[in-house]
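Asker: Before anything else, here's the structure in question.
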Amino acid sequence: MKTLIKKIILLKNPTKNEIETLKIKWAKGRALKRHPLNSEILAAASNKDRIKLKECLLKKPTRSGSGISAIAIMTPPSPCPGKCIYCPVGENSPQSYVGFEPAARRGKLNQYDAYLQVKNRLEQLQAIGHYPEKCELIIMGGTFPAQPFEFQKKFIQNAFEAFNNKSKGSTHSLKEAQKINETAEHRVVGLTIETRPDFVFPEQFLELGATRIEIGVQSLNNQVLAKIKRNHKVKTVKNATKILKDFGFKINYHIMLGLPGSDFDDDLNTFIKMFEDSSFKPDLLKIYPTLVIKGTELYKMWKLGKYVPIDEKYVVDLLKKIYCFLPQYVRIMRIQRDIPANFIEAGPKKSNLREIVEREVNKASINTKEIRFREVGHRIYDGQLNLKLNVFEYVASRGKEFFISVEDSAKNVLVGYLRLRFLSNNKNIAIVRELHIYGKSVRIGKKKSNKGEYQHFGWGRCLLKKAEEICKKNKKTEIWVMSGVGAREYYKKLGYIFNKFYMKKKIYSL
């Protein structure tokens, strides 16, 4: 293995294919049945060589390229309140999954045990060269809030015990597990819960430690919602969005393209409406082309000729138009689901739709403002960045929002941002709904950084200071922060006190 390690290190700016070719030749020369995994090479390397190897061997750098490692776990199969016509139900898998998606397979492998799933995922990330010290826990599978609240608390408590390197059942309550995590090695700085617009329980979400809520909106057309048997209306989406924003949660809409009853213009108008009508304006998006899966009602419609699925060109052409007008406060999290292609009977099958879309956006010289497109961890630029603070104000869900960013506008590169909200129901309090610095994930306690790293350089403090100045100017008495459990220590150092789910600070006396 030492010979292989030496050859890899000697390569200058190697591509993935060059490294794979070198590994295959090395394995063939030793009559091995398979070539070594990157994790095996890293494990065999000395500490000095491991540092050099990580630059070229680190798999899937986007797992922590946005500063945080995502840990997705799946809940056990359970009844879902929805009866949507497109929704698959795989064998021994939660509603809306076929059972062979990466997260679903990990769930099955670990008997859908939250503790085992987290332990397994942390070990996987460490094996391929990541340091999952700042993590976002994502709860997937059916409609989690439809399950008994005591089950929800226990499920997340077990997940926290794994992050805390404690044995399962070692803590007496979720609150105790969360307290330990404030200073744990693997800190949960964000917690995401997926739900429907008609299953929104903000007080319970706060107790669970959630910071982001993903809502299955699917469409902003009542006729389409009725046709797919969604069992809620657009008004429900408006109400859920407002309530959750006033509690300080980040809002992620799931939107589907090409649903029955919709066409290209209808889909385009959905996104125009989403950002022109102040009742919506989500912070994040997951965009899913409608896929025909065997066993669904939609599959029967397709077989009878009552539904015509969209194709890849439809998605690319539509998103090129959407990228033109997306506001600077929106991040597209995903384009396409994780369903394996062999389970898709009709509809776009390529898993790299985002890559295709972004390539076309670049080719068309579209100067998009969408967050992920501009992130310093993904954006390619020349020379040094000229970073400045920008403040963008807008009205959403009857409240006033401030998107405060650190960016180089000329190069269209974004380093970090803060979402500040003046509540629609309280004139004295403002809430920081999110504070995020991009770039490579920097280990907790590290002071300096290398190229591509922007964490721990004071940009978070700078953004928070600007938010406090805006609050003082507008005579807000308190500023609250929607903080992940593992980020509480950071805010304590800046004068914030934990009180009833939020980090709080008095900033103005009337």
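Ligands are numbered from 1 in the order shown, chains are lettered A, B, ... in the order of the structure tokens, and residues start at 1 in each chain.
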Tell me which protein, DNA and RNA residues are within 9 Å of segment 110-112 of chain A, counting only C-alpha atoms, leaving out same-chain ones fewer than 5 positions away, and put them as a list in words.

Answerer: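 What passes the distance filter is Ile73, Met74, Thr75, Pro76, Pro77, Ala104, Arg105, Gln117 and Asn120 of chain A.
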
Asker: Include all heavy atoms and write out the residues we just selected as a PDB file, in the first residue's frame.

Answerer:
```
ATOM      1  N   ILE A  73     -31.407  10.195   8.576  1.00  0.00           N
ATOM      2  CA  ILE A  73     -31.839   8.912   9.114  1.00  0.00           C
ATOM      3  C   ILE A  73     -33.316   8.706   8.808  1.00  0.00           C
ATOM      4  O   ILE A  73     -34.073   9.653   8.647  1.00  0.00           O
ATOM      5  CB  ILE A  73     -31.581   8.802  10.638  1.00  0.00           C
ATOM      6  CG1 ILE A  73     -32.370   9.853  11.427  1.00  0.00           C
ATOM      7  CG2 ILE A  73     -30.094   8.933  10.927  1.00  0.00           C
ATOM      8  CD1 ILE A  73     -32.251   9.703  12.934  1.00  0.00           C
ATOM      9  N   MET A  74     -33.708   7.446   8.710  1.00  0.00           N
ATOM     10  CA  MET A  74     -35.047   7.080   8.268  1.00  0.00           C
ATOM     11  C   MET A  74     -35.873   6.524   9.421  1.00  0.00           C
ATOM     12  O   MET A  74     -35.387   5.717  10.217  1.00  0.00           O
ATOM     13  CB  MET A  74     -34.933   6.036   7.158  1.00  0.00           C
ATOM     14  CG  MET A  74     -36.195   5.780   6.382  1.00  0.00           C
ATOM     15  SD  MET A  74     -36.627   7.112   5.227  1.00  0.00           S
ATOM     16  CE  MET A  74     -35.354   6.981   3.988  1.00  0.00           C
ATOM     17  N   THR A  75     -37.129   6.978   9.511  1.00  0.00           N
ATOM     18  CA  THR A  75     -38.034   6.468  10.534  1.00  0.00           C
ATOM     19  C   THR A  75     -38.606   5.123  10.096  1.00  0.00           C
ATOM     20  O   THR A  75     -38.640   4.818   8.897  1.00  0.00           O
ATOM     21  CB  THR A  75     -39.188   7.453  10.785  1.00  0.00           C
ATOM     22  OG1 THR A  75     -39.910   7.638   9.551  1.00  0.00           O
ATOM     23  CG2 THR A  75     -38.666   8.787  11.257  1.00  0.00           C
ATOM     24  N   PRO A  76     -39.080   4.303  11.036  1.00  0.00           N
ATOM     25  CA  PRO A  76     -39.672   3.009  10.672  1.00  0.00           C
ATOM     26  C   PRO A  76     -40.928   3.202   9.823  1.00  0.00           C
ATOM     27  O   PRO A  76     -41.592   4.238   9.911  1.00  0.00           O
ATOM     28  CB  PRO A  76     -40.027   2.387  12.030  1.00  0.00           C
ATOM     29  CG  PRO A  76     -39.232   3.133  13.040  1.00  0.00           C
ATOM     30  CD  PRO A  76     -39.061   4.512  12.489  1.00  0.00           C
ATOM     31  N   PRO A  77     -41.273   2.212   8.990  1.00  0.00           N
ATOM     32  CA  PRO A  77     -42.504   2.296   8.198  1.00  0.00           C
ATOM     33  C   PRO A  77     -43.719   2.491   9.104  1.00  0.00           C
ATOM     34  O   PRO A  77     -43.839   1.840  10.144  1.00  0.00           O
ATOM     35  CB  PRO A  77     -42.564   0.925   7.504  1.00  0.00           C
ATOM     36  CG  PRO A  77     -41.138   0.472   7.462  1.00  0.00           C
ATOM     37  CD  PRO A  77     -40.507   0.985   8.716  1.00  0.00           C
ATOM     38  N   ALA A 104     -32.737   5.075   2.836  1.00  0.00           N
ATOM     39  CA  ALA A 104     -33.647   3.967   3.129  1.00  0.00           C
ATOM     40  C   ALA A 104     -32.871   2.669   3.335  1.00  0.00           C
ATOM     41  O   ALA A 104     -33.199   1.865   4.213  1.00  0.00           O
ATOM     42  CB  ALA A 104     -34.662   3.811   2.006  1.00  0.00           C
ATOM     43  N   ARG A 105     -31.839   2.460   2.537  1.00  0.00           N
ATOM     44  CA  ARG A 105     -31.038   1.242   2.680  1.00  0.00           C
ATOM     45  C   ARG A 105     -30.291   1.240   4.004  1.00  0.00           C
ATOM     46  O   ARG A 105     -30.181   0.193   4.670  1.00  0.00           O
ATOM     47  CB  ARG A 105     -30.074   1.115   1.509  1.00  0.00           C
ATOM     48  CG  ARG A 105     -30.772   0.913   0.172  1.00  0.00           C
ATOM     49  CD  ARG A 105     -29.816   0.766  -0.979  1.00  0.00           C
ATOM     50  NE  ARG A 105     -29.141  -0.533  -0.944  1.00  0.00           N
ATOM     51  CZ  ARG A 105     -28.387  -1.001  -1.930  1.00  0.00           C
ATOM     52  NH1 ARG A 105     -28.220  -0.286  -3.032  1.00  0.00           N
ATOM     53  NH2 ARG A 105     -27.799  -2.167  -1.850  1.00  0.00           N
ATOM     54  N   GLN A 117     -28.334   4.108  13.087  1.00  0.00           N
ATOM     55  CA  GLN A 117     -28.185   4.830  11.823  1.00  0.00           C
ATOM     56  C   GLN A 117     -27.171   5.971  11.949  1.00  0.00           C
ATOM     57  O   GLN A 117     -26.341   6.174  11.065  1.00  0.00           O
ATOM     58  CB  GLN A 117     -29.532   5.379  11.365  1.00  0.00           C
ATOM     59  CG  GLN A 117     -30.508   4.329  10.877  1.00  0.00           C
ATOM     60  CD  GLN A 117     -31.802   4.945  10.377  1.00  0.00           C
ATOM     61  OE1 GLN A 117     -31.851   5.530   9.300  1.00  0.00           O
ATOM     62  NE2 GLN A 117     -32.863   4.822  11.156  1.00  0.00           N
ATOM     63  N   ASN A 120     -23.610   4.549  12.342  1.00  0.00           N
ATOM     64  CA  ASN A 120     -23.155   4.033  11.055  1.00  0.00           C
ATOM     65  C   ASN A 120     -22.740   5.151  10.120  1.00  0.00           C
ATOM     66  O   ASN A 120     -21.696   5.081   9.457  1.00  0.00           O
ATOM     67  CB  ASN A 120     -24.267   3.185  10.432  1.00  0.00           C
ATOM     68  CG  ASN A 120     -23.911   2.679   9.043  1.00  0.00           C
ATOM     69  OD1 ASN A 120     -24.363   3.213   8.036  1.00  0.00           O
ATOM     70  ND2 ASN A 120     -23.113   1.636   8.984  1.00  0.00           N
TER      71      ASN A 120
END
```

Asker: Would you pick out the contacts of Phe201 of chain A at 9 Å or less, using only C-alpha atoms, so that residues sharing its chain but fewer than 4 positions from it are not included, and give the list as a list in words?

Answerer: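 Contacts, with the query itself left out: Pro145, Phe205, Leu206 and Leu244 of chain A.
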
Asker: As an MDAnalysis selection string, please: the residues near segment 193-200 of chain A (cut-off 10 Å, only C-alpha atoms, same-chain neighbours under 5 positions excluded).

Answerer: chainID A and resid 81:82 137:146 205 208:218 230:241 243:244 252:254

Asker: Give me, as a PyMOL selection string, all polymer residues having an atom no more than 10 Å from segment 491-508 of chain A, counting only C-alpha atoms and skipping those fewer than 6 positions away in the same chain.

Answerer: chain A and resi 203+206-210+247-248+428-429+431-432+461+464-465+468-469+471-485

Asker: Using DSSP on the backbone coordinates, identify all residues within segment 171-227 of chain A classified as strand (DSSP E); present the result as JSON, numbers by chain.

Answerer: {"A": [187, 188, 189, 190, 191, 192, 193, 194, 195, 212, 213, 214, 215, 216, 217, 218]}

Asker: Identify, on the basis of only C-alpha atoms, every residue whose closest approach to Ile5 of chain A does not exceed 10 Å; exclude the query and any residue fewer than 4 positions from it along the same chain; express the result as a compact mmCIF listing (two decimals) with C-alpha atoms, in the first residue's frame.

Answerer:
```
# COMPACT_ATOMS: atom_id res chain seq x y z
CA MET A 1 0.00 0.00 0.00
CA ILE A 9 1.02 11.82 -3.72
CA LEU A 10 3.40 12.38 -6.65
CA LYS A 23 -5.53 1.96 -8.02
CA ILE A 41 -5.76 3.94 1.59
CA LEU A 42 -6.31 6.71 4.13
CA ALA A 44 -2.93 2.77 5.79
CA ALA A 45 -1.24 6.16 5.36
CA SER A 46 0.95 7.91 7.90
CA ASP A 49 0.74 11.42 4.08
CA ARG A 50 -2.91 11.37 5.14
CA LYS A 52 -1.76 15.23 1.50
CA LEU A 53 -4.00 12.36 0.40
```

Asker: Have a look at A:Val189, A:Ile156, A:Asp266, A:Gly295 and name the one nearest to Ile85 of chain A; count only C-alpha atoms.

Answerer: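 Residue with the minimum atom-to-atom distance to Ile85 of chain A: A:Gly295.
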
Asker: So which residues touch Asp317 of chain A within 10 Å, counting only C-alpha atoms, skipping near sequence neighbours fewer than 6 positions away, as a PyMOL selection string?

Answerer: chain A and resi 264+357+360-361
